[in-house]
file my_file.cif (mmCIF, C-alpha atoms)
data_structure
loop_
_atom_site.label_atom_id
_atom_site.label_comp_id
_atom_site.auth_asym_id
_atom_site.auth_seq_id
_atom_site.Cartn_x
_atom_site.Cartn_y
_atom_site.Cartn_z
CA MET A 6 68.29 67.67 72.36
CA THR A 7 68.60 63.91 71.80
CA THR A 8 64.93 63.71 70.81
CA MET A 9 65.40 66.51 68.30
CA THR A 10 68.44 64.82 66.77
CA LEU A 11 66.61 61.50 66.54
CA LYS A 12 63.60 63.19 64.92
CA ARG A 13 65.85 64.88 62.38
CA ALA A 14 67.58 61.57 61.59
CA ARG A 15 64.22 59.85 61.11
CA THR A 16 62.93 62.64 58.87
CA SER A 17 66.04 62.58 56.72
CA ARG A 18 65.78 58.78 56.35
CA LEU A 19 62.17 59.16 55.19
CA ALA A 20 63.21 61.97 52.85
CA ASP A 21 66.02 59.77 51.50
CA PHE A 22 63.55 56.94 50.87
CA CYS A 23 61.07 59.28 49.17
CA GLY A 24 63.84 61.05 47.25
CA ARG A 25 64.80 57.84 45.43
CA TRP A 26 62.16 58.35 42.76
CA SER A 27 62.12 61.17 40.24
CA ALA A 28 58.80 62.75 39.21
CA ARG A 29 59.05 60.90 35.89
CA GLU A 30 59.34 57.53 37.62
CA LEU A 31 56.45 58.31 39.96
CA ILE A 32 54.28 59.23 36.98
CA ILE A 33 55.22 55.99 35.20
CA ILE A 34 54.15 54.05 38.30
CA GLY A 35 50.82 55.93 38.28
CA VAL A 36 50.28 55.45 34.56
CA PHE A 37 50.97 51.70 34.79
CA ALA A 38 48.69 51.33 37.81
CA ALA A 39 45.91 53.11 35.88
CA THR A 40 46.55 50.97 32.77
CA ALA A 41 46.48 47.78 34.86
CA LYS A 42 43.21 48.84 36.47
CA VAL A 43 41.50 49.83 33.21
CA SER A 44 42.72 46.85 31.17
CA THR A 45 41.79 44.25 33.80
CA VAL A 46 38.31 45.77 34.19
CA LEU A 47 37.97 45.84 30.39
CA ILE A 48 38.98 42.18 29.99
CA ALA A 49 36.58 41.17 32.78
CA MET A 50 33.77 43.08 31.04
CA VAL A 51 34.54 41.71 27.58
CA GLY A 52 34.87 38.18 28.98
CA GLY A 53 31.42 38.39 30.54
CA GLY A 54 32.00 38.01 34.28
CA MET A 55 32.98 34.57 35.61
CA ASN A 56 34.58 33.38 32.34
CA PRO A 57 37.69 31.35 33.36
CA LEU A 58 39.51 32.48 30.22
CA SER A 59 38.99 36.14 31.05
CA LEU A 60 40.18 35.42 34.62
CA LEU A 61 43.34 33.90 33.18
CA LEU A 62 43.89 36.74 30.72
CA LYS A 63 43.21 39.42 33.35
CA ASN A 64 46.01 38.06 35.52
CA MET A 65 48.27 37.61 32.50
CA VAL A 66 47.87 41.26 31.48
CA PHE A 67 48.39 42.49 35.04
CA THR A 68 51.61 40.49 35.46
CA THR A 69 52.91 41.59 32.05
CA LEU A 70 52.32 45.24 32.96
CA LEU A 71 54.01 44.73 36.33
CA VAL A 72 57.09 43.20 34.67
CA VAL A 73 57.32 46.04 32.12
CA MET A 74 56.91 48.65 34.88
CA LEU A 75 59.65 47.09 37.01
CA PHE A 76 62.02 47.14 34.03
CA LYS A 77 61.08 50.75 33.28
CA VAL A 78 61.52 51.90 36.91
CA CYS A 79 64.54 50.00 38.25
CA ARG A 80 64.53 51.12 41.88
CA PRO A 81 64.20 49.10 45.07
CA GLY A 82 60.78 49.71 46.62
CA THR A 83 58.96 50.28 43.32
CA LEU A 84 56.76 47.21 43.76
CA CYS A 85 55.80 48.30 47.31
CA LEU A 86 55.00 51.81 46.08
CA PHE A 87 52.89 50.38 43.24
CA VAL A 88 50.92 48.26 45.72
CA ILE A 89 50.40 51.17 48.15
CA VAL A 90 49.27 53.55 45.41
CA SER A 91 46.95 50.99 43.77
CA SER A 92 45.44 50.13 47.16
CA VAL A 93 44.83 53.79 48.07
CA VAL A 94 43.09 54.45 44.74
CA ASN A 95 41.19 51.14 44.88
CA PHE A 96 39.97 52.01 48.33
CA LEU A 97 38.93 55.57 47.46
CA LEU A 98 37.63 55.21 43.94
CA LEU A 99 36.72 51.64 43.15
CA GLY A 100 35.66 50.31 46.54
CA GLY A 101 38.51 47.87 47.10
CA ASN A 102 38.44 45.63 50.14
CA LEU A 103 40.66 47.02 52.90
CA THR A 104 41.43 43.60 54.35
CA LEU A 105 43.34 42.63 51.17
CA ILE A 106 45.87 45.46 51.59
CA PRO A 107 48.03 43.98 54.42
CA PRO A 108 48.66 40.62 52.66
CA MET A 109 49.40 42.42 49.38
CA LEU A 110 51.84 44.76 51.08
CA LEU A 111 53.54 41.87 52.87
CA ALA A 112 53.80 40.01 49.55
CA ALA A 113 55.37 43.09 47.94
CA VAL A 114 57.95 43.47 50.75
CA ILE A 115 58.93 39.76 50.52
CA ALA A 116 59.15 39.99 46.71
CA GLU A 117 61.34 43.12 46.99
CA LEU A 118 63.68 41.30 49.41
CA LEU A 119 63.87 38.32 47.05
CA MET A 120 64.68 40.59 44.08
CA ARG A 121 67.39 42.32 46.11
CA PHE A 122 68.90 38.98 47.17
CA ILE A 123 68.97 37.75 43.56
CA GLN A 124 70.49 41.00 42.30
CA LYS A 125 73.16 40.98 45.04
CA ASN A 126 74.18 37.45 44.12
CA ASN A 127 74.31 38.35 40.40
CA LEU A 128 71.71 35.73 39.53
CA PRO A 129 69.55 36.20 36.41
CA GLY A 130 65.84 37.07 36.28
CA ALA A 131 65.42 39.02 39.53
CA VAL A 132 62.29 40.83 38.28
CA TYR A 133 60.64 37.62 37.06
CA TRP A 134 61.33 35.77 40.33
CA GLY A 135 60.12 38.79 42.30
CA VAL A 136 56.88 39.19 40.35
CA GLY A 137 56.23 35.43 40.42
CA CYS A 138 56.75 35.40 44.19
CA PHE A 139 54.54 38.50 44.62
CA ASP A 140 51.70 36.94 42.63
CA LEU A 141 51.94 33.64 44.50
CA LEU A 142 51.96 35.30 47.93
CA CYS A 143 49.10 37.60 46.90
CA LYS A 144 47.02 34.60 45.89
CA PHE A 145 47.76 32.86 49.22
CA GLY A 146 46.88 36.10 51.04
CA SER A 147 43.57 36.45 49.22
CA LEU A 148 42.79 32.78 49.95
CA GLY A 149 43.52 33.42 53.63
CA ILE A 150 41.22 36.45 53.71
CA SER A 151 38.52 34.47 51.86
CA PHE A 152 38.82 31.72 54.46
CA LEU A 153 38.47 34.27 57.28
CA MET A 154 35.34 35.67 55.62
CA MET A 155 33.81 32.22 55.00
CA ARG A 156 35.14 30.33 58.02
CA GLU A 157 31.62 29.21 59.01
CA SER A 158 31.12 27.50 55.61
CA PRO A 159 34.51 26.13 54.46
CA ALA A 160 32.83 24.34 51.54
CA MET A 161 32.30 27.74 49.90
CA MET A 162 36.08 27.88 49.44
CA ALA A 163 35.53 25.32 46.68
CA ALA A 164 34.49 28.21 44.44
CA VAL A 165 37.40 30.40 45.43
CA VAL A 166 40.28 27.92 45.11
CA PRO A 167 39.84 27.15 41.36
CA ILE A 168 39.49 30.87 40.61
CA VAL A 169 42.76 31.59 42.45
CA ILE A 170 44.54 28.68 40.73
CA ILE A 171 43.35 29.87 37.28
CA GLY A 172 44.49 33.36 38.23
CA TYR A 173 47.97 32.14 39.15
CA ILE A 174 48.29 30.16 35.91
CA GLY A 175 47.47 33.46 34.15
CA SER A 176 50.19 35.17 36.18
CA LEU A 177 52.74 32.53 35.15
CA ILE A 178 51.81 33.02 31.48
CA GLY A 179 52.13 36.77 32.18
CA LEU A 180 55.77 36.27 33.22
CA TRP A 181 56.47 34.69 29.83
CA THR A 182 54.56 37.38 27.89
CA GLY A 183 56.33 39.98 30.05
CA SER A 184 59.76 38.67 29.00
CA LYS A 185 58.63 38.69 25.34
CA SER A 186 57.28 42.25 25.69
CA ILE A 187 60.54 43.42 27.29
CA LYS A 188 62.53 42.02 24.35
CA GLU A 189 60.27 43.83 21.87
CA LEU A 190 60.25 47.08 23.84
CA ARG A 191 64.06 47.02 24.17
CA HIS A 192 64.28 46.44 20.42
CA ALA A 193 61.95 49.44 19.89
CA GLY A 194 64.07 51.56 22.27
CA LEU A 195 61.19 52.18 24.69
CA ILE A 196 63.00 50.44 27.56
CA ARG A 197 66.72 50.89 28.03
CA SER A 198 67.51 48.97 31.24
CA MET B 17 35.53 57.38 37.38
CA GLN B 18 31.80 56.99 37.69
CA ALA B 19 31.84 59.03 40.85
CA SER B 20 32.48 62.18 38.83
CA SER B 21 28.99 62.12 37.34
CA VAL B 22 27.13 61.81 40.65
CA PRO B 23 24.69 64.66 41.30
CA ASN B 24 25.17 66.31 44.68
CA LEU B 25 21.91 64.96 46.19
CA SER B 26 23.15 62.53 48.80
CA LEU B 27 23.47 63.48 52.45
CA LEU B 28 26.76 61.59 52.42
CA ASN B 29 28.32 64.24 50.17
CA ALA B 30 28.36 66.54 53.21
CA VAL B 31 30.36 64.01 55.26
CA ASP B 32 34.15 64.28 55.13
CA ILE B 33 35.88 61.62 53.04
CA ARG B 34 38.13 60.74 56.02
CA VAL B 35 35.04 59.80 58.05
CA LYS B 36 33.74 57.61 55.21
CA MET B 37 37.15 55.94 54.96
CA MET B 38 37.16 55.34 58.70
CA ILE B 39 33.68 53.77 58.53
CA THR B 40 34.81 51.44 55.72
CA ALA B 41 38.01 50.49 57.56
CA LEU B 42 36.18 49.77 60.83
CA ALA B 43 33.47 47.80 59.03
CA SER B 44 36.06 45.60 57.27
CA VAL B 45 37.78 44.82 60.57
CA MET B 46 34.53 44.24 62.49
CA THR B 47 32.95 41.98 59.85
CA VAL B 48 35.99 39.69 59.94
CA ALA B 49 36.32 39.74 63.74
CA ILE B 50 32.62 39.16 64.60
CA SER B 51 31.17 35.66 64.21
CA SER B 52 27.82 36.06 65.98
CA LEU B 53 24.80 35.87 63.67
CA TYR B 54 22.89 38.53 65.64
CA ALA B 55 25.84 40.95 65.57
CA GLN B 56 26.31 40.36 61.83
CA CYS B 57 22.58 40.93 61.18
CA PHE B 58 22.76 44.15 63.17
CA LEU B 59 25.83 45.38 61.24
CA PHE B 60 24.16 44.45 57.95
CA ALA B 61 20.93 46.33 58.83
CA VAL B 62 22.77 49.48 59.91
CA SER B 63 25.13 49.40 56.93
CA PHE B 64 22.15 48.93 54.57
CA LEU B 65 20.60 52.14 55.96
CA TYR B 66 23.96 53.83 55.33
CA LEU B 67 23.91 52.51 51.74
CA LEU B 68 20.36 53.80 51.16
CA MET B 69 21.63 57.31 51.90
CA ILE B 70 23.42 57.42 48.53
CA ARG B 71 19.93 57.60 46.92
CA ARG B 72 20.78 55.48 43.88
CA PRO B 73 18.29 52.59 43.92
CA LYS B 74 19.26 51.32 40.47
CA LEU B 75 22.92 51.06 41.42
CA ILE B 76 22.04 49.31 44.69
CA LEU B 77 19.76 46.84 42.89
CA VAL B 78 22.33 46.00 40.19
CA SER B 79 25.14 45.59 42.77
CA TYR B 80 22.99 43.31 44.92
CA LEU B 81 21.93 41.25 41.90
CA LEU B 82 25.56 40.79 40.75
CA PHE B 83 26.59 39.89 44.27
CA LEU B 84 23.76 37.37 44.60
CA ILE B 85 24.80 35.72 41.31
CA MET B 86 28.38 35.41 42.58
CA MET B 87 27.12 33.96 45.87
CA ALA B 88 24.90 31.49 44.00
CA ILE B 89 27.89 30.31 41.92
CA ALA B 90 29.94 29.90 45.13
CA CYS B 91 27.09 27.91 46.73
CA GLY B 92 26.82 25.74 43.61
CA PHE B 93 30.52 24.87 43.81
CA GLY B 94 30.13 24.23 47.54
CA LEU B 95 27.18 21.87 47.02
CA VAL B 96 29.09 19.92 44.35
CA LEU B 97 32.01 19.53 46.76
CA ALA B 98 29.65 18.57 49.60
CA HIS B 99 28.21 15.83 47.35
CA PHE B 100 31.66 14.20 47.01
CA LEU B 101 33.00 15.11 50.47
CA PRO B 102 30.08 14.94 52.95
CA MET B 103 32.34 16.35 55.73
CA MET B 104 32.40 19.66 53.86
CA GLY B 105 28.60 19.71 53.64
CA LYS B 106 28.27 20.67 57.31
CA GLY B 107 28.99 24.29 56.50
CA MET B 108 26.46 24.41 53.66
CA GLU B 109 23.38 24.76 55.88
CA LEU B 110 21.42 27.99 55.61
CA LYS B 111 22.33 29.15 59.12
CA SER B 112 26.04 28.57 58.51
CA LEU B 113 25.91 30.40 55.19
CA ALA B 114 24.14 33.39 56.74
CA VAL B 115 27.23 34.78 58.51
CA PRO B 116 29.61 34.78 55.47
CA PHE B 117 26.78 36.25 53.35
CA MET B 118 26.15 38.99 55.92
CA ARG B 119 29.88 39.79 56.01
CA ALA B 120 30.06 40.18 52.24
CA PHE B 121 26.89 42.28 52.06
CA THR B 122 27.99 44.53 54.94
CA MET B 123 31.25 45.19 53.10
CA LEU B 124 29.32 45.96 49.91
CA ASN B 125 27.08 48.35 51.88
CA VAL B 126 29.99 50.42 53.19
CA VAL B 127 32.16 50.31 50.09
CA LEU B 128 29.53 51.61 47.62
CA PRO B 129 28.91 54.95 49.43
CA LEU B 130 32.67 55.58 49.58
CA ALA B 131 33.10 54.91 45.87
CA PHE B 132 29.98 56.69 44.60
CA THR B 133 29.59 59.85 46.70
CA GLY B 134 32.69 61.77 45.69
CA ARG B 135 33.46 63.82 42.61
CA LEU B 136 36.86 63.47 40.94
CA GLN B 137 38.09 66.75 42.42
CA GLN B 138 36.83 65.75 45.88
CA ILE B 139 38.83 62.54 45.64
CA LEU B 140 41.96 64.50 44.73
CA ASN B 141 41.29 66.89 47.62
CA SER B 142 40.81 63.93 49.93
CA LEU B 143 44.21 62.60 48.89
CA GLN B 144 45.66 65.98 49.95
CA LYS B 145 43.70 65.91 53.22
CA LEU B 146 45.23 62.55 54.11
CA LYS B 147 48.67 64.27 54.17
CA LEU B 148 50.17 61.47 52.12
CA PRO B 149 53.84 61.74 51.12
CA PHE B 150 54.44 63.13 47.63
CA VAL B 151 55.70 59.73 46.40
CA ILE B 152 52.22 58.32 47.04
CA TYR B 153 50.20 61.44 46.20
CA LEU B 154 51.64 61.99 42.70
CA PRO B 155 51.05 58.47 41.27
CA ALA B 156 47.62 58.33 42.97
CA ALA B 157 46.66 61.67 41.43
CA VAL B 158 47.90 60.42 38.03
CA ILE B 159 45.70 57.32 38.33
CA VAL B 160 42.61 59.33 39.35
CA ARG B 161 43.14 61.93 36.61
CA PHE B 162 44.08 59.52 33.84
CA ILE B 163 41.64 56.65 34.20
CA PRO B 164 39.06 58.61 32.11
CA THR B 165 41.78 59.39 29.52
CA PHE B 166 42.74 55.73 29.27
CA THR B 167 39.09 54.76 28.97
CA ASN B 168 38.89 57.15 26.01
CA ASP B 169 42.07 55.62 24.51
CA ILE B 170 40.50 52.17 24.78
CA LYS B 171 37.39 53.43 22.97
CA GLN B 172 39.63 54.66 20.14
CA ILE B 173 41.48 51.32 19.99
CA TRP B 174 38.10 49.54 19.94
CA GLU B 175 36.91 51.70 17.04
CA SER B 176 40.13 51.13 15.08
CA LEU B 177 39.71 47.37 15.54
CA LYS B 178 36.11 47.61 14.29
CA ILE B 179 37.34 49.48 11.20
CA ARG B 180 39.87 46.70 10.58
CA GLY B 181 37.07 44.12 10.80
CA TYR B 182 37.74 42.64 14.27
CA ARG B 183 34.80 42.08 16.58
CA ILE B 184 35.54 42.10 20.31
CA ASN B 185 32.87 40.43 22.45
CA PRO B 186 32.59 37.57 25.01
CA TRP B 187 32.35 35.02 22.18
CA THR B 188 35.56 36.12 20.38
CA MET B 189 37.24 36.42 23.79
CA THR B 190 36.41 32.74 24.47
CA ILE B 191 37.24 31.44 20.97
CA HIS B 192 40.36 33.57 20.32
CA PRO B 193 41.47 34.73 23.79
CA PHE B 194 45.13 35.45 23.01
CA GLN B 195 44.41 37.21 19.73
CA THR B 196 41.79 39.43 21.41
CA THR B 197 44.10 40.27 24.29
CA ARG B 198 47.00 41.02 21.92
CA LEU B 199 44.83 43.31 19.81
CA LEU B 200 43.69 45.25 22.87
CA PHE B 201 46.81 45.04 24.99
CA THR B 202 49.67 45.93 22.63
CA PRO B 203 48.42 49.43 21.63
CA LEU B 204 47.48 50.07 25.26
CA LEU B 205 50.98 49.17 26.50
CA ILE B 206 52.68 51.40 23.93
CA ARG B 207 50.23 54.20 24.77
CA ALA B 208 50.97 53.80 28.52
CA LEU B 209 54.72 53.99 27.92
CA LYS B 210 54.39 57.08 25.71
CA THR B 211 51.99 58.83 28.12
CA GLY B 212 54.27 58.05 31.05
CA ASP B 213 57.28 59.53 29.26
CA GLU B 214 55.42 62.63 28.07
CA LEU B 215 53.86 63.36 31.48
CA GLY B 216 57.17 62.68 33.22
CA ILE B 217 58.99 65.19 31.05
CA ALA B 218 56.19 67.75 31.63
CA ALA B 219 56.37 67.20 35.41
CA GLU B 220 60.16 67.57 35.45
CA LEU B 221 59.95 70.78 33.40
CA LYS B 222 57.47 72.12 35.96
CA GLY B 223 60.05 71.42 38.67
CA LEU B 224 58.18 68.64 40.45
CA ASN B 225 60.32 66.25 42.48
CA ALA B 226 60.08 63.99 45.52
CA ASN B 227 60.62 66.95 47.88
CA THR B 228 57.60 68.87 46.52
CA SER B 229 54.84 69.19 49.09
CA ALA B 230 51.51 67.58 48.22
CA ILE B 231 49.64 69.69 50.77
CA LYS B 232 48.76 73.18 49.62
CA LYS B 233 46.69 74.20 52.61
CA ASP B 234 45.72 72.90 56.03
CA PRO B 235 42.96 70.31 55.69
CA PRO B 236 39.61 71.66 56.92
CA SER B 237 38.56 70.46 60.36
CA PHE B 238 35.56 68.19 60.89
CA THR B 239 32.06 69.68 60.91
CA LYS B 240 29.22 68.80 63.30
CA LYS B 241 27.92 66.25 60.76
CA ASP B 242 31.30 64.51 60.75
CA TYR B 243 31.42 64.35 64.55
CA ALA B 244 27.85 63.02 64.58
CA ALA B 245 28.79 60.33 62.04
CA VAL B 246 31.88 59.33 64.08
CA SER B 247 29.84 59.14 67.32
CA LEU B 248 27.12 57.08 65.63
CA THR B 249 29.72 54.69 64.20
CA ALA B 250 31.31 54.26 67.62
CA ALA B 251 27.89 53.54 69.19
CA ILE B 252 27.09 50.96 66.48
CA LEU B 253 30.41 49.21 67.00
CA VAL B 254 29.88 49.07 70.76
CA ALA B 255 26.39 47.61 70.20
CA ALA B 256 27.84 44.99 67.80
CA ILE B 257 30.52 44.03 70.35
CA ILE B 258 27.84 43.69 73.08
CA LEU B 259 25.78 41.44 70.78
CA GLN B 260 28.89 39.36 70.08
CA ILE B 261 29.54 38.97 73.85
CA TYR B 262 25.95 38.11 74.84
CA PHE B 263 25.04 36.01 71.78
CA PRO B 264 28.36 34.44 70.73
CA ASN B 265 28.81 31.78 68.06
CA THR B 266 25.18 31.43 67.10
CA SER B 267 26.31 29.69 63.93
CA PRO B 268 25.78 25.91 64.32
CA VAL B 269 29.23 24.93 63.05
CA LEU B 270 30.96 27.17 65.57
CA MET B 271 28.73 25.94 68.40
CA LYS B 272 30.19 22.46 67.89
#

call {"tool": "encode", "arguments": {"input": "my_file.cif", "output": "structure tokens"}}
result
Amino acid sequence: MTTMTLKRARTSRLADFCGRWSARELIIIGVFAATAKVSTVLIAMVGGGMNPLSLLLKNMVFTTLLVVMLFKVCRPGTLCLFVIVSSVVNFLLLGGNLTLIPPMLLAAVIAELLMRFIQKNNLPGAVYWGVGCFDLLCKFGSLGISFLMMRESPAMMAAVVPIVIIGYIGSLIGLWTGSKSIKELRHAGLIRS
Amino acid sequence: MQASSVPNLSLLNAVDIRVKMMITALASVMTVAISSLYAQCFLFAVSFLYLLMIRRPKLILVSYLLFLIMMAIACGFGLVLAHFLPMMGKGMELKSLAVPFMRAFTMLNVVLPLAFTGRLQQILNSLQKLKLPFVIYLPAAVIVRFIPTFTNDIKQIWESLKIRGYRINPWTMTIHPFQTTRLLFTPLLIRALKTGDELGIAAELKGLNANTSAIKKDPPSFTKKDYAAVSLTAAILVAAIILQIYFPNTSPVLMK
């Protein structure tokens, strides 16, 4: 009897969590994840591979899209859902590395908690702080995974560290372009929050 | 995206997507955990045979070439650093580099078959088979279905820019990076917002919500081929673990 009650409580909690998002919001998350994927691949292709400028711009576009999406879908857990969905599709369709998923998910959870803390204390810029924190933690996570993969030759990290730093500079520029885009999109009536 | 155009020639098409996912997941864990050169060589050899089963030599060759270029760039950076910091140079010997290289190539060997042996519909079916909650299934299905549409949108944006006299290539990207990004990104962002709204309204009119079930039917059980693949994977992992135990830390840096 107790087990049944507990099971029901657990199921309803999961249903409550899943029921937060409407179909429209879920589709927006999917559309933005697809746009982020396509545009970053496009910039990488146009930039010609290891071009530092295209690395910077790729991260800038990704962060801008993330900021716009979080303003469009204002629900706690959206960032985590975006990361989960992108990882599943990356893994199935584009051959993403599975080892990068746990640090990304952890980064998303920490960023969500930070955004919630800022919102609760009525401080400004919760989305920007959250996305900035998410990007930073993601970069640290990917550096950690790179180190695990190359632990026998730590000198090889010399190639990875500048790439990650350039990427994070791009993300910081993306926060600024994200705020500019939000202003324009609010003016155009495409974002109301 | 590219997987949709794959002819059904590969033996791997007959293997369930869940098995292929399991192989990739186990390979990513094992490559990180194992540090023995012999065990890594063994995993690389077996995974290369697995990769050959996709029967796309051109794709394999191009992927390996791109990977080798990336590795060469990484080695170049490493050598420059080793020149200024001799302590770092210890890890730049060929034997030390072998293990990280093997890890990366093993991952490439298991990831390519997963990405290139499924049609678009098979990938959508596999998402259903995984019994994912609707909140994950719906956005994932949107991504899988709409990546080709977005690619087409980008082609149209590209053509409109050409008509207006803008040329988008690596050179313009390097000389005018922000202008190029703005020209490509702004129409794409507006298009994404519009598409999201239109699809969202269509989904709501169809009565889709978070309580809709993503699973239409019971996922089919594994076939003999799937069981054979799982057993073979388990045997390979056991062999790799035995090699790790009997020939541990063959890399010179780790021996110190």

call {"tool": "residues_around", "arguments": {"input": "my_file.cif", "residues": "Arg119 of chain B", "least_positions_apart": "2", "cutoff": "8 Å", "atoms": "all atoms listed in the file", "output": "ChimeraX atom specification"}}
result
/A:154 /B:47-48,56,60,115-117,121-123

call {"tool": "closest_atom_pairs", "arguments": {"input": "my_file.cif", "of": "segment 43-152 of chain A", "to": "segment 188-196 of chain A", "cutoff": "10 Å", "atoms": "all atoms listed in the file", "output": "CSV"}}
result
residue,atom,partner,partner_atom,distance
A:Val73,CA,A:Ile196,CA,8.5
A:Met74,CA,A:Ile196,CA,9.7
A:Phe76,CA,A:Ile196,CA,7.3
A:Lys77,CA,A:Ile196,CA,6.0
A:Val78,CA,A:Ile196,CA,9.6

call {"tool": "atom_distance", "arguments": {"input": "my_file.cif", "atom1": "atom CA of Ala88 of chain B", "atom2": "atom CA of Tyr66 of chain B"}}
result
25.1 Å

call {"tool": "residues_around", "arguments": {"input": "my_file.cif", "residues": "segment 31-39 of chain B", "least_positions_apart": "2", "cutoff": "7 Å", "atoms": "only C-alpha atoms", "output": "VMD selection string"}}
result
chain B and resid 28 to 29 41 to 43 130 142 241 to 242 246 249

call {"tool": "closest_residue", "arguments": {"input": "my_file.cif", "among": "A:Leu71, A:Ile171, A:Leu119, A:Val94", "to": "chain B", "atoms": "only C-alpha atoms"}}
result
A:Val94
